[in-house]
Amino acid sequence: MATAHRVVVKVGSSSLTTAAGGIDPDRIGALVDTLAGLRLAGREVVLVSSGAIAAGLSPLGLSARPRDLATQQAAASVGQGLLVGRYTSLFGARGLEVGQVLLTVDDVTRKSNYRNAYRTFGRLLELGVVPVVNENDTVATQEIRFGDNDRLAALVAHLVHADALVLLSDVDALYTANPRLPGARRIDEVHGPDELAAIDTSVAGSAGVGTGGMTTKISAAGIATSAGIPVVLARADQAAAALAGDDVGTLFHPTGKRRPTRLLWLAHATDARGALILDAGAVNALVRRKASLLPAGVVEVRGSFSAGDPVNLCGPDGAVVARGLVNYDAQELPVLLGRHTADLVAELGEGYDRTVVHRDALVVLAR
Ligand SMILES: Nc1ncnc2c1ncn2[C@@H]1O[C@H](COP(=O)(O)OP(=O)(O)O)[C@@H](O)[C@H]1O
Ligand SMILES: N[C@@H](CCC(=O)OP(=O)(O)O)C(=O)O
């Protein structure tokens, strides 16, 4: 951690806001002190900050997190401005600029948007700016919401090729069960998913403003570590110690190697808009030969989707084997199914030499 040059730091709502619903000036101030210190020492920081909904509650006269999506989105709209305003003035007082980055799932799964996001982060960091990321809660619909910033932070860590991910919360470490329960034991290090099998994350946090609890933090740690990025989970007031590599929090060791980033978004952050049922030969070609999906191997189209959308690719029994970005609209496909590309081109023209899903835009989920 101490040698990680580019670090993604995620902070949860419960560590930034008061239980009554408003930004806590002392805690946000202490966090900015730490992160500004890091940036001024030459390290690169991307901050993924929750708290928009919580920060928007009291200005709207709401005493608790609303249940309906529209009011949550309204609160996020009010709160996000207040939150970024606060970051701008606090970092600004230390001579640093912040840049707001609001992401939806779509922005980072579609190839062009993904490249754009990658480029923008790179440029912001080159310019010495501290990117402050959140989900674009105000426009994200139920279907396309990440819903939790823990997984968003893990995916951002991939996107920016971070050396480490720090998840800051109101709890000082991962425990075998919610630490408020008797008998819960603290866990210092996690070396792989086996060690997490017995962890109980079913009891939610105390403040009532966080969303995912420990479940999404473990999932985020799994996404990052499986692609080679170490993760530390610590309490927000231990941020400086965690970033210095001191012995605080829980360290999740990398379990895998880095992989092409965009495919991780596809696997972990997208909800398929439809499904294609493949014959056994096509499943084999995708899974074993890493081939592209051609019309000849598709037997059925389910759902309504547009070219560029994520779809599930299923075996003859309906089980999902892969997910990919489809190159045709749902209504274009039925006449193409089971047919060879050369015949389609001869009959329908050049545009029909497209693969249904190109191998660079698909990720195998089951073997
Ligand atoms: N096994 C566990 N170990 C640690 N904390 C747990 C566990 N299970 C549940 N929790 C709860 O998860 C909370 C953190 O999640 P959450 O409130 O969503 O935080 P944040 O707002 O930081 O994302 C902790 O305060 C704790 O009460
Ligand atoms: N995007 C939402 C936060 C969602 C979220 O993951 O919250 P938390 O569990 O506090 O990290 C917001 O800014 O209110």
# chains A, B, ... in the order shown; residues from 1 in each chain; ligands from 1

call {"tool": "residues_around", "arguments": {"residues": "range 125-129 of chain A", "least_positions_apart": "2", "cutoff": "7 Å", "atoms": "only C-alpha atoms", "output": "list in words"}}
result
Glu44, Leu96, Glu97, Val98, Gly99, Phe121, Gly122, Arg123 and Pro131 of chain A

call {"tool": "write_last_selection", "arguments": {"atoms": "C-alpha atoms", "output": "PDB file, in the first residue's frame"}}
result
ATOM      1  CA  GLU A  44      -2.342   9.942  -7.609  1.00  0.00           C
ATOM      2  CA  LEU A  96      -5.803  21.289  -5.528  1.00  0.00           C
ATOM      3  CA  GLU A  97      -8.594  21.150  -8.089  1.00  0.00           C
ATOM      4  CA  VAL A  98     -11.285  18.506  -8.079  1.00  0.00           C
ATOM      5  CA  GLY A  99     -13.099  17.170 -11.134  1.00  0.00           C
ATOM      6  CA  PHE A 121      -9.452  10.024 -15.994  1.00  0.00           C
ATOM      7  CA  GLY A 122      -5.952   9.872 -17.456  1.00  0.00           C
ATOM      8  CA  ARG A 123      -6.013  13.525 -18.428  1.00  0.00           C
ATOM      9  CA  PRO A 131     -11.319  13.115  -9.667  1.00  0.00           C
TER      10      PRO A 131
END

call {"tool": "residues_around", "arguments": {"residues": "Val132 in chain A", "least_positions_apart": "4", "cutoff": "8 Å", "atoms": "only C-alpha atoms", "output": "list of chain:residue names"}}
result
A:Val46, A:Leu47, A:Val48, A:Ser49, A:Val84, A:Val98, A:Gly99, A:Gln100, A:Val101

call {"tool": "residues_near_ligand", "arguments": {"ligand": "ligand 2", "cutoff": "8 Å", "atoms": "only C-alpha atoms and all ligand atoms", "output": "ChimeraX atom specification"}}
result
/A:10-15,49-55,76,79-80,134-137,147-150,169,209-213

call {"tool": "residues_around", "arguments": {"residues": "Thr34 in chain A", "least_positions_apart": "6", "cutoff": "9 Å", "atoms": "only C-alpha atoms", "output": "list in words"}}
result
Ala239, Ala240 and Leu243 of chain A

call {"tool": "write_last_selection", "arguments": {"atoms": "C-alpha atoms", "output": "CSV table (one decimal), in the first residue's frame"}}
result
chain,number,residue,atom,x,y,z
A,239,ALA,CA,-7.3,6.6,6.1
A,240,ALA,CA,-3.8,8.0,6.6
A,243,LEU,CA,-2.5,4.6,2.8

call {"tool": "select_by_dssp", "arguments": {"residues": "range 243-303 of chain A", "states": "helix (DSSP H, G or I)", "output": "PyMOL selection string"}}
result
chain A and resi 243+261-268+280-287+295-297

call {"tool": "closest_residue", "arguments": {"among": "A:Asp26, A:Asp107, A:Asp163, A:Asp237", "to": "Thr225 in chain A", "atoms": "only C-alpha atoms"}}
result
A:Asp163

call {"tool": "residues_around", "arguments": {"residues": "Val357 in chain A", "least_positions_apart": "4", "cutoff": "10 Å", "atoms": "only C-alpha atoms", "output": "ChimeraX atom specification"}}
result
/A:291-295,307-308,310-311,313,323-328,361-362

call {"tool": "closest_residue", "arguments": {"among": "A:Leu264, A:Val248, A:Ala157, A:Val130", "to": "Asp188 in chain A", "atoms": "only C-alpha atoms"}}
result
A:Val248

call {"tool": "closest_residue", "arguments": {"among": "A:Gly22, A:Gly61, A:Pro230, A:Leu348", "to": "Leu165 in chain A", "atoms": "only C-alpha atoms"}}
result
A:Pro230

call {"tool": "closest_residue", "arguments": {"among": "A:Val105, A:Ala154, A:Val298, A:Ala184", "to": "Ala220 in chain A", "atoms": "only C-alpha atoms"}}
result
A:Ala154

call {"tool": "closest_residue", "arguments": {"among": "A:Asp200, A:Asp33, A:Glu189, A:Asp24", "to": "ligand 1", "atoms": "only C-alpha atoms and all ligand atoms"}}
result
A:Asp200

call {"tool": "closest_residue", "arguments": {"among": "A:Val364, A:Leu174, A:Leu336, A:Ala272", "to": "ligand 1", "atoms": "only C-alpha atoms and all ligand atoms"}}
result
A:Leu174

call {"tool": "select_by_dssp", "arguments": {"residues": "range 125-287 of chain A", "states": "strand (DSSP E)", "output": "VMD selection string"}}
result
chain A and resid 130 to 135 164 to 169 174 to 175 186 to 187 189 to 190 231 to 235 250 to 252 274 to 278

call {"tool": "residues_around", "arguments": {"residues": "Thr255 in chain A", "least_positions_apart": "6", "cutoff": "8 Å", "atoms": "only C-alpha atoms", "output": "PyMOL selection string"}}
result
chain A and resi 191-192+225-228

call {"tool": "write_last_selection", "arguments": {"atoms": "C-alpha atoms", "output": "PDB file, in the first residue's frame"}}
result
ATOM      1  CA  HIS A 191      -5.977 -14.486   0.876  1.00  0.00           C
ATOM      2  CA  GLY A 192      -8.860 -15.749  -1.246  1.00  0.00           C
ATOM      3  CA  THR A 225      -8.275  -8.741  -6.080  1.00  0.00           C
ATOM      4  CA  SER A 226      -9.245 -11.219  -8.802  1.00  0.00           C
ATOM      5  CA  ALA A 227      -7.722  -8.781 -11.260  1.00  0.00           C
ATOM      6  CA  GLY A 228      -4.542  -8.144  -9.312  1.00  0.00           C
TER       7      GLY A 228
END

call {"tool": "residues_around", "arguments": {"residues": "Gln331 in chain A", "least_positions_apart": "5", "cutoff": "12 Å", "atoms": "only C-alpha atoms", "output": "number ranges by chain"}}
result
A: 274, 300-307, 336-337

call {"tool": "atom_distance", "arguments": {"atom1": "CA of Arg151 in chain A", "atom2": "CA of Pro193 in chain A"}}
result
16.2 Å

call {"tool": "atom_distance", "arguments": {"atom1": "CA of Ile199 in chain A", "atom2": "CA of Val166 in chain A"}}
result
20.0 Å

call {"tool": "residues_around", "arguments": {"residues": "Ala173 in chain A", "least_positions_apart": "2", "cutoff": "9 Å", "atoms": "only C-alpha atoms", "output": "ChimeraX atom specification"}}
result
/A:169,171,175,186-188,232-235,248-251
